[in-house]
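A.B. asks: Let me begin by handing over the structure; questions about it come next.
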Amino acid sequence: MTRAPSPRWLRRPHDAPAPGFAYGADYNPEQWPREVWHEDIRLMREAGVNIVSLAIFSWARIQPAPDVWEFGWLDEIMDLLHAGGISVDLATATASPPPWLTTLHPEILPVGPHGETVWPGARQHWRPTSPVFRTYALKLATKMAERYGDHPALVAWHVSNELGCHNIYDFSDDAARAFRIWLAARYGTVEALNHAWGTDFWSQRYTEWGQILPPRLAASHPNPTQQLDFKRFSSDALKEHLRAEREVLYRLTPEVPVTTNFMVMGETKGMHYADWAREVDFVSNDHYVHPGPQGLDELSFSANLTGSIAGGHPWFLMEHSTSAVNWQPVNLAKREGELARDSLLHVAHGADAVCYFQWRQSAAGAEKYHSAMVPHAGPDSEVFRSVTRLGALLGDLSEVAGSTRRPARAAILFDWESWWASEQDSHPSSLLRYRQEALDWYSAFLALGVRADVVHTGAELAGYDLVVAPVLHVVPRALAKELNSFVENGGHLVTTYFSGVVDENDHAWLGGYPGALRDLLGIRIEEFAPLPDGRSVTLDDGSTGTLWTDPITLTDDTVEVLASYTSGDRAGRPAITRRAVGRGSAAYVSTRLGAEGVRGVLARLLDGAGVSGELPAPARGRVELAVRGHGATDYWFLVNRTDEPVELPGVDGTLLALTAGADQRSAGQPLVLGPRGVAVVRR
Ligand code: GLA
């Protein structure tokens, strides 16, 4: 029973209170004795928790042997939560197969590219394409749906957990079989595949489907299109698993919405989430901050992109941390104000649920040093006091829930296929990092105090005045056409090095780079000129380039040179160009300028497009503005990006929440955001 999922939010039981923000955590009661459960419910109420994600890693407890089902403990905790007024986002519990299953069926274990088995002992040790695993997982999902479909605490289904976190790439024989089926559906004939993969190179011509393998360890670089298709296939294979579990749930409990937690964050790149978003009733995301100079920018970037793939509808922040994680080289505790600031920045970009991993910090296991809402220190702790304050504050903001993101005038175009393809091996440089380039542009927008949406390819561009498409490497004909029309209709497009180079089969567009965008940009490049690690070049606008340079020839009289190289082999030649096309323009940045370096050129391009910041000038760059709204009402989220107080003169409206700072407006003074503080203003 496939249904085209349209946005559906949490199911509301008859006796549910008025909608507002969902607030809570992953809850793992099986790690604790029963007496703790009662304390948990009491503390959850104290903290304002109204939802938990339950049973994510409970398979071994629910089904301790093939034909043994033990639901008693789960029934009890479901009832306790309901009695406590806490809703449940219930997992299908299929994330981590128990030891009896992998002992009985070792053929479900994933295989690495070198043929090595991924053994049990951690979690998610299953092949996405294993028919045996699928059978057991769907049986468990069926049992869960039959048992809890009518439970009044149930408000959503949570399929598996972070699909692909550890098992996105599997090179087993199951994967090989499924890959061939996927390829046959994509290409129809072996001949068409031979063409797409360019198999006349290195005598790779296939004559039968059965000869085709995943890109396992090979003597040299595996075929690039085979690699790209394997990435597409691997994302699709896990999406298929999501769909299979979802179909069971839709059949048995059609009224309960289904989600799964994405990981739109950092370098997690295996799952094409813009594509997956169509398969869930509402988008959920997990996000963990990587501390560092761009840590907060990256949080905003991820939340922003999540809001876009959610189609502008509210989404669910399924996990983030109250303080330190346990899996970075050094795990930093959050400083005062960061817990609320990080959570509210997600809300600013459209989250209607704020949940953590996890409710109570584990005493045993690999995550015992991962923070939680109730830390090892217990409720008498700053973390618990902070989460309790945030719970109350989300209550004060309840009118914001259900509002949607107000689009910005500028956007960054994010393209999963370009991310995958541009970082493959056997390229001009192995140092290129797609997401970092995109993040640098986003940081520059933040530093200039100009709002930008992060949108994925396929999203409507027509409403934007300026679109930055960094390293847009894969440009099929249709995308080239779309970008041309965007510019012809008055849009301002900015793109960078290594863009427009290949089509969807990873075949180079011929005649000079940037192939598919050459005419639009009015430039031609005969040969790539990447820079060795550690080498840089200077530009006459004062910026410095690394990673890449291009020997650019202008092919159109109307192209303006915005900056030229002043050092290196390209000295005197154009580095940044811009071609005016009617009211629009197409600009090209041929080197990596870094987060600070792109600021100058971005400011000029924004100026040319007539786009400017909405905040009072002194606050621009120090405060991030994100806007949600419904009807004629706007909500301004003002997030202090610094560790200093920031004044916000001229910001009017009703203050709904302020995490740190002071509202001095009645005394004729400005609103002040404290260090890392957040204000929400209704306008
Ligand atoms: C992921 C998982 C959780 C937990 C956290 C720790 O997000 O889904 O189960 O392991 O990471 O940060």
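We name chains A, B, ... following the order of the structure tokens; residues begin at 1 in each chain, and ligands are numbered from 1 as shown.
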Considering only C-alpha atoms and all ligand atoms, tabulate each residue of chain A that lies at most 10 Å from ligand 1 along with its nearest interatomic pair and the corresponding distance in Å to one decimal; arrange the rows by chain and ascending residue number and present them as CSV.
C.D. replies:
residue,atom,partner,partner_atom_place_in_ligand_line,distance
A:Asp26,CA,ligand 1,9 (O),7.9
A:Asn28,CA,ligand 1,9 (O),9.9
A:Ile56,CA,ligand 1,9 (O),7.8
A:Phe57,CA,ligand 1,9 (O),8.1
A:Ala95,CA,ligand 1,9 (O),9.5
A:Arg123,CA,ligand 1,10 (O),9.4
A:Ser160,CA,ligand 1,8 (O),9.6
A:Asn161,CA,ligand 1,8 (O),5.9
A:Glu162,CA,ligand 1,8 (O),5.5
A:Leu163,CA,ligand 1,8 (O),9.0
A:Cys165,CA,ligand 1,1 (C),8.0
A:Asn261,CA,ligand 1,8 (O),7.7
A:Phe262,CA,ligand 1,7 (O),9.1
A:Met263,CA,ligand 1,7 (O),7.7
A:Asn285,CA,ligand 1,7 (O),9.2
A:Asp286,CA,ligand 1,7 (O),5.9
A:His287,CA,ligand 1,7 (O),7.3
A:Tyr288,CA,ligand 1,12 (O),6.8
A:Val289,CA,ligand 1,12 (O),9.9
A:Met318,CA,ligand 1,7 (O),8.6
A:Glu319,CA,ligand 1,7 (O),6.1
A:His320,CA,ligand 1,12 (O),7.2
A:Ser321,CA,ligand 1,12 (O),7.0
A:Ala324,CA,ligand 1,12 (O),8.8
A:Val325,CA,ligand 1,12 (O),5.6
A:Asn326,CA,ligand 1,12 (O),6.9
A:Trp327,CA,ligand 1,12 (O),7.1
A:Gln328,CA,ligand 1,12 (O),9.5
A:Tyr356,CA,ligand 1,5 (C),8.9
A:Phe357,CA,ligand 1,5 (C),5.8
A:Gln358,CA,ligand 1,4 (C),7.7
A:Ala366,CA,ligand 1,10 (O),8.8
A:Glu367,CA,ligand 1,10 (O),7.0
A:Tyr369,CA,ligand 1,6 (C),10.0
A:His370,CA,ligand 1,6 (C),6.8
A:Ser371,CA,ligand 1,12 (O),8.7
A:Ala372,CA,ligand 1,6 (C),9.7
A.B. asks: Can you list every residue of stretch 92-187 of chain A that has an atom at most 12 Å from stretch 228-243 of chain A, with its nearest atom pair and the distance in Å to one decimal, using only C-alpha atoms, ordered by chain then number, as JSON lines?
C.D. replies:
{"residue": "A:Thr92", "atom": "CA", "partner": "A:Leu242", "partner_atom": "CA", "distance": 10.8}
{"residue": "A:Thr94", "atom": "CA", "partner": "A:His241", "partner_atom": "CA", "distance": 10.7}
{"residue": "A:Ala95", "atom": "CA", "partner": "A:Leu242", "partner_atom": "CA", "distance": 11.3}
{"residue": "A:Pro113", "atom": "CA", "partner": "A:Phe230", "partner_atom": "CA", "distance": 12.0}
{"residue": "A:Trp126", "atom": "CA", "partner": "A:Leu238", "partner_atom": "CA", "distance": 11.0}
{"residue": "A:Arg127", "atom": "CA", "partner": "A:Leu238", "partner_atom": "CA", "distance": 9.3}
{"residue": "A:Pro128", "atom": "CA", "partner": "A:Leu238", "partner_atom": "CA", "distance": 5.7}
{"residue": "A:Thr129", "atom": "CA", "partner": "A:Ala237", "partner_atom": "CA", "distance": 6.5}
{"residue": "A:Ser130", "atom": "CA", "partner": "A:His241", "partner_atom": "CA", "distance": 9.9}
{"residue": "A:Pro131", "atom": "CA", "partner": "A:His241", "partner_atom": "CA", "distance": 10.4}
{"residue": "A:Phe133", "atom": "CA", "partner": "A:His241", "partner_atom": "CA", "distance": 10.2}
{"residue": "A:Arg134", "atom": "CA", "partner": "A:His241", "partner_atom": "CA", "distance": 7.6}
{"residue": "A:Thr135", "atom": "CA", "partner": "A:His241", "partner_atom": "CA", "distance": 10.9}
{"residue": "A:Ala137", "atom": "CA", "partner": "A:His241", "partner_atom": "CA", "distance": 9.4}
{"residue": "A:Leu138", "atom": "CA", "partner": "A:His241", "partner_atom": "CA", "distance": 9.5}
{"residue": "A:Ala141", "atom": "CA", "partner": "A:Leu242", "partner_atom": "CA", "distance": 11.3}
{"residue": "A:Trp157", "atom": "CA", "partner": "A:Leu242", "partner_atom": "CA", "distance": 11.5}
{"residue": "A:His158", "atom": "CA", "partner": "A:Leu242", "partner_atom": "CA", "distance": 10.1}
{"residue": "A:Val159", "atom": "CA", "partner": "A:Leu242", "partner_atom": "CA", "distance": 6.7}
{"residue": "A:Ser160", "atom": "CA", "partner": "A:Leu242", "partner_atom": "CA", "distance": 8.0}
{"residue": "A:Asn161", "atom": "CA", "partner": "A:Leu242", "partner_atom": "CA", "distance": 10.1}
{"residue": "A:Glu162", "atom": "CA", "partner": "A:Leu238", "partner_atom": "CA", "distance": 10.4}
{"residue": "A:Leu163", "atom": "CA", "partner": "A:Leu238", "partner_atom": "CA", "distance": 6.8}
{"residue": "A:Gly164", "atom": "CA", "partner": "A:Leu238", "partner_atom": "CA", "distance": 6.9}
{"residue": "A:Cys165", "atom": "CA", "partner": "A:Leu238", "partner_atom": "CA", "distance": 10.7}
{"residue": "A:His166", "atom": "CA", "partner": "A:Leu238", "partner_atom": "CA", "distance": 11.7}
{"residue": "A:Asn167", "atom": "CA", "partner": "A:Leu238", "partner_atom": "CA", "distance": 9.0}
{"residue": "A:Ile168", "atom": "CA", "partner": "A:Ser234", "partner_atom": "CA", "distance": 6.2}
{"residue": "A:Tyr169", "atom": "CA", "partner": "A:Ser234", "partner_atom": "CA", "distance": 6.3}
{"residue": "A:Asp170", "atom": "CA", "partner": "A:Ser234", "partner_atom": "CA", "distance": 7.9}
{"residue": "A:Phe171", "atom": "CA", "partner": "A:Phe230", "partner_atom": "CA", "distance": 9.7}
{"residue": "A:Asp174", "atom": "CA", "partner": "A:Ala237", "partner_atom": "CA", "distance": 11.1}
{"residue": "A:Ala175", "atom": "CA", "partner": "A:Ser234", "partner_atom": "CA", "distance": 8.6}
{"residue": "A:Ala176", "atom": "CA", "partner": "A:Phe230", "partner_atom": "CA", "distance": 9.9}
{"residue": "A:Arg177", "atom": "CA", "partner": "A:Phe233", "partner_atom": "CA", "distance": 11.6}
{"residue": "A:Ala178", "atom": "CA", "partner": "A:Ala237", "partner_atom": "CA", "distance": 8.1}
{"residue": "A:Phe179", "atom": "CA", "partner": "A:Phe233", "partner_atom": "CA", "distance": 6.5}
{"residue": "A:Arg180", "atom": "CA", "partner": "A:Phe233", "partner_atom": "CA", "distance": 9.7}
{"residue": "A:Ile181", "atom": "CA", "partner": "A:Phe233", "partner_atom": "CA", "distance": 9.9}
{"residue": "A:Trp182", "atom": "CA", "partner": "A:Phe233", "partner_atom": "CA", "distance": 6.7}
{"residue": "A:Leu183", "atom": "CA", "partner": "A:Asp229", "partner_atom": "CA", "distance": 8.1}
{"residue": "A:Ala184", "atom": "CA", "partner": "A:Phe233", "partner_atom": "CA", "distance": 11.6}
{"residue": "A:Ala185", "atom": "CA", "partner": "A:Phe233", "partner_atom": "CA", "distance": 11.0}
{"residue": "A:Arg186", "atom": "CA", "partner": "A:Asp229", "partner_atom": "CA", "distance": 9.7}
{"residue": "A:Tyr187", "atom": "CA", "partner": "A:Asp229", "partner_atom": "CA", "distance": 11.1}
A.B. asks: Would you kindly return, as a VMD selection string, each protein, DNA or RNA residue with an atom no farther than 12 Å from any atom of A:Asp281, considering only C-alpha atoms and excluding same-chain residues fewer than 4 positions away?
C.D. replies: chain A and resid 3 to 11 156 to 159 243 246 250 254 to 261 276 to 277 310 to 311 313 to 316
A.B. asks: Identify which of the residues A:His349, A:Arg620, A:Arg570, A:Arg278 lies closest to A:Arg405, counting only C-alpha atoms when measuring atom-to-atom distances.
C.D. replies: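 Among the listed residues, A:His349 lies closest to A:Arg405.
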A.B. asks: List as JSON, numbers by chain the protein and nucleic acid residues near A:His221, meaning an atom at most 8 Å away when only C-alpha atoms are counted, but skip any in the same chain fewer than 2 places from it.
C.D. replies: {"A": [218, 219, 223, 224, 425, 426]}
A.B. asks: So that I can check the secondary structure, give me every residue of stretch 110-221 of chain A assigned helix (DSSP H, G or I) by backbone DSSP, as a ChimeraX atom specification.
C.D. replies: /A:131-148,173-187,190-197,201-203,209-211
A.B. asks: Got time to write the residues from that selection, N, CA and C atoms, as a tab-separated table (two decimals), in the first residue's frame?
C.D. replies:
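Heads up, here's the output in selection.tsv:
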chain	number	residue	atom	x	y	z
A	131	PRO	N	18.19	-10.75	2.08
A	131	PRO	CA	16.78	-11.17	2.18
A	131	PRO	C	16.49	-11.80	3.55
A	132	VAL	N	17.49	-12.44	4.13
A	132	VAL	CA	17.29	-13.09	5.43
A	132	VAL	C	17.08	-12.02	6.50
A	133	PHE	N	17.95	-11.03	6.51
A	133	PHE	CA	17.77	-9.95	7.49
A	133	PHE	C	16.43	-9.28	7.30
A	134	ARG	N	16.08	-9.01	6.05
A	134	ARG	CA	14.82	-8.31	5.75
A	134	ARG	C	13.63	-9.09	6.33
A	135	THR	N	13.66	-10.42	6.18
A	135	THR	CA	12.56	-11.24	6.67
A	135	THR	C	12.41	-11.09	8.19
A	136	TYR	N	13.55	-11.20	8.89
A	136	TYR	CA	13.49	-11.08	10.35
A	136	TYR	C	13.08	-9.66	10.78
A	137	ALA	N	13.60	-8.67	10.10
A	137	ALA	CA	13.29	-7.28	10.48
A	137	ALA	C	11.81	-6.99	10.25
A	138	LEU	N	11.26	-7.46	9.13
A	138	LEU	CA	9.85	-7.17	8.85
A	138	LEU	C	8.94	-7.92	9.81
A	139	LYS	N	9.39	-9.09	10.25
A	139	LYS	CA	8.59	-9.83	11.23
A	139	LYS	C	8.53	-9.04	12.54
A	140	LEU	N	9.67	-8.50	12.93
A	140	LEU	CA	9.69	-7.71	14.16
A	140	LEU	C	8.84	-6.45	14.01
A	141	ALA	N	8.96	-5.78	12.87
A	141	ALA	CA	8.15	-4.57	12.64
A	141	ALA	C	6.67	-4.92	12.68
A	142	THR	N	6.32	-6.08	12.12
A	142	THR	CA	4.91	-6.51	12.13
A	142	THR	C	4.42	-6.71	13.57
A	143	LYS	N	5.24	-7.41	14.35
A	143	LYS	CA	4.86	-7.67	15.75
A	143	LYS	C	4.70	-6.35	16.52
A	144	MET	N	5.60	-5.42	16.27
A	144	MET	CA	5.53	-4.13	16.98
A	144	MET	C	4.25	-3.40	16.59
A	145	ALA	N	3.95	-3.40	15.29
A	145	ALA	CA	2.76	-2.68	14.82
A	145	ALA	C	1.49	-3.33	15.37
A	146	GLU	N	1.47	-4.68	15.37
A	146	GLU	CA	0.28	-5.37	15.87
A	146	GLU	C	0.08	-5.10	17.36
A	147	ARG	N	1.19	-5.07	18.06
A	147	ARG	CA	1.10	-4.94	19.53
A	147	ARG	C	0.77	-3.50	19.96
A	148	TYR	N	1.40	-2.53	19.29
A	148	TYR	CA	1.32	-1.15	19.82
A	148	TYR	C	0.56	-0.16	18.91
A	173	ASP	N	28.03	-10.67	-1.49
A	173	ASP	CA	27.37	-11.25	-2.66
A	173	ASP	C	25.91	-10.82	-2.75
A	174	ASP	N	25.26	-10.62	-1.61
A	174	ASP	CA	23.88	-10.09	-1.65
A	174	ASP	C	23.89	-8.73	-2.32
A	175	ALA	N	24.88	-7.91	-1.94
A	175	ALA	CA	24.97	-6.56	-2.52
A	175	ALA	C	25.23	-6.67	-4.02
A	176	ALA	N	26.09	-7.60	-4.41
A	176	ALA	CA	26.40	-7.75	-5.85
A	176	ALA	C	25.13	-8.10	-6.63
A	177	ARG	N	24.36	-9.03	-6.08
A	177	ARG	CA	23.11	-9.44	-6.74
A	177	ARG	C	22.15	-8.25	-6.87
A	178	ALA	N	21.98	-7.54	-5.76
A	178	ALA	CA	21.03	-6.41	-5.77
A	178	ALA	C	21.53	-5.28	-6.66
A	179	PHE	N	22.84	-5.10	-6.70
A	179	PHE	CA	23.44	-4.05	-7.55
A	179	PHE	C	23.12	-4.33	-9.02
A	180	ARG	N	23.22	-5.60	-9.42
A	180	ARG	CA	22.93	-5.96	-10.82
A	180	ARG	C	21.47	-5.67	-11.15
A	181	ILE	N	20.59	-5.98	-10.22
A	181	ILE	CA	19.15	-5.74	-10.46
A	181	ILE	C	18.92	-4.23	-10.60
A	182	TRP	N	19.57	-3.48	-9.72
A	182	TRP	CA	19.43	-2.01	-9.75
A	182	TRP	C	19.97	-1.47	-11.08
A	183	LEU	N	21.11	-2.01	-11.52
A	183	LEU	CA	21.71	-1.54	-12.79
A	183	LEU	C	20.83	-1.91	-13.98
A	184	ALA	N	20.24	-3.09	-13.94
A	184	ALA	CA	19.38	-3.52	-15.05
A	184	ALA	C	18.18	-2.58	-15.14
A	185	ALA	N	17.66	-2.16	-13.98
A	185	ALA	CA	16.52	-1.23	-13.99
A	185	ALA	C	16.96	0.13	-14.51
A	186	ARG	N	18.18	0.55	-14.22
A	186	ARG	CA	18.64	1.87	-14.66
A	186	ARG	C	18.98	1.88	-16.15
A	187	TYR	N	19.63	0.82	-16.61
A	187	TYR	CA	20.17	0.85	-17.98
A	187	TYR	C	19.42	-0.03	-18.99
A	190	VAL	N	22.92	-4.46	-21.08
A	190	VAL	CA	24.34	-4.44	-20.73
A	190	VAL	C	25.07	-3.43	-21.64
A	191	GLU	N	24.58	-3.34	-22.86
A	191	GLU	CA	25.22	-2.42	-23.82
A	191	GLU	C	25.10	-0.97	-23.33
A	192	ALA	N	23.91	-0.63	-22.82
A	192	ALA	CA	23.72	0.74	-22.31
A	192	ALA	C	24.61	0.98	-21.10
A	193	LEU	N	24.76	-0.05	-20.28
A	193	LEU	CA	25.67	0.10	-19.13
A	193	LEU	C	27.11	0.28	-19.62
A	194	ASN	N	27.50	-0.50	-20.62
A	194	ASN	CA	28.86	-0.37	-21.16
A	194	ASN	C	29.11	1.07	-21.62
A	195	HIS	N	28.09	1.62	-22.25
A	195	HIS	CA	28.25	3.01	-22.72
A	195	HIS	C	28.39	3.97	-21.53
A	196	ALA	N	27.47	3.82	-20.57
A	196	ALA	CA	27.47	4.74	-19.42
A	196	ALA	C	28.76	4.62	-18.62
A	197	TRP	N	29.27	3.42	-18.48
A	197	TRP	CA	30.47	3.21	-17.66
A	197	TRP	C	31.77	3.41	-18.46
A	201	PHE	N	37.39	1.58	-21.94
A	201	PHE	CA	38.62	1.94	-21.23
A	201	PHE	C	39.10	0.72	-20.43
A	202	TRP	N	40.34	0.39	-20.49
A	202	TRP	CA	40.97	-0.71	-19.74
A	202	TRP	C	40.27	-2.07	-19.94
A	203	SER	N	39.69	-2.26	-21.13
A	203	SER	CA	39.14	-3.58	-21.46
A	203	SER	C	38.12	-4.09	-20.43
A	209	TRP	N	25.17	-9.54	-17.28
A	209	TRP	CA	24.96	-8.87	-15.99
A	209	TRP	C	25.76	-9.55	-14.88
A	210	GLY	N	25.83	-10.89	-14.94
A	210	GLY	CA	26.47	-11.66	-13.87
A	210	GLY	C	27.95	-11.34	-13.69
A	211	GLN	N	28.54	-10.66	-14.67
A	211	GLN	CA	29.98	-10.33	-14.55
A	211	GLN	C	30.22	-9.08	-13.70
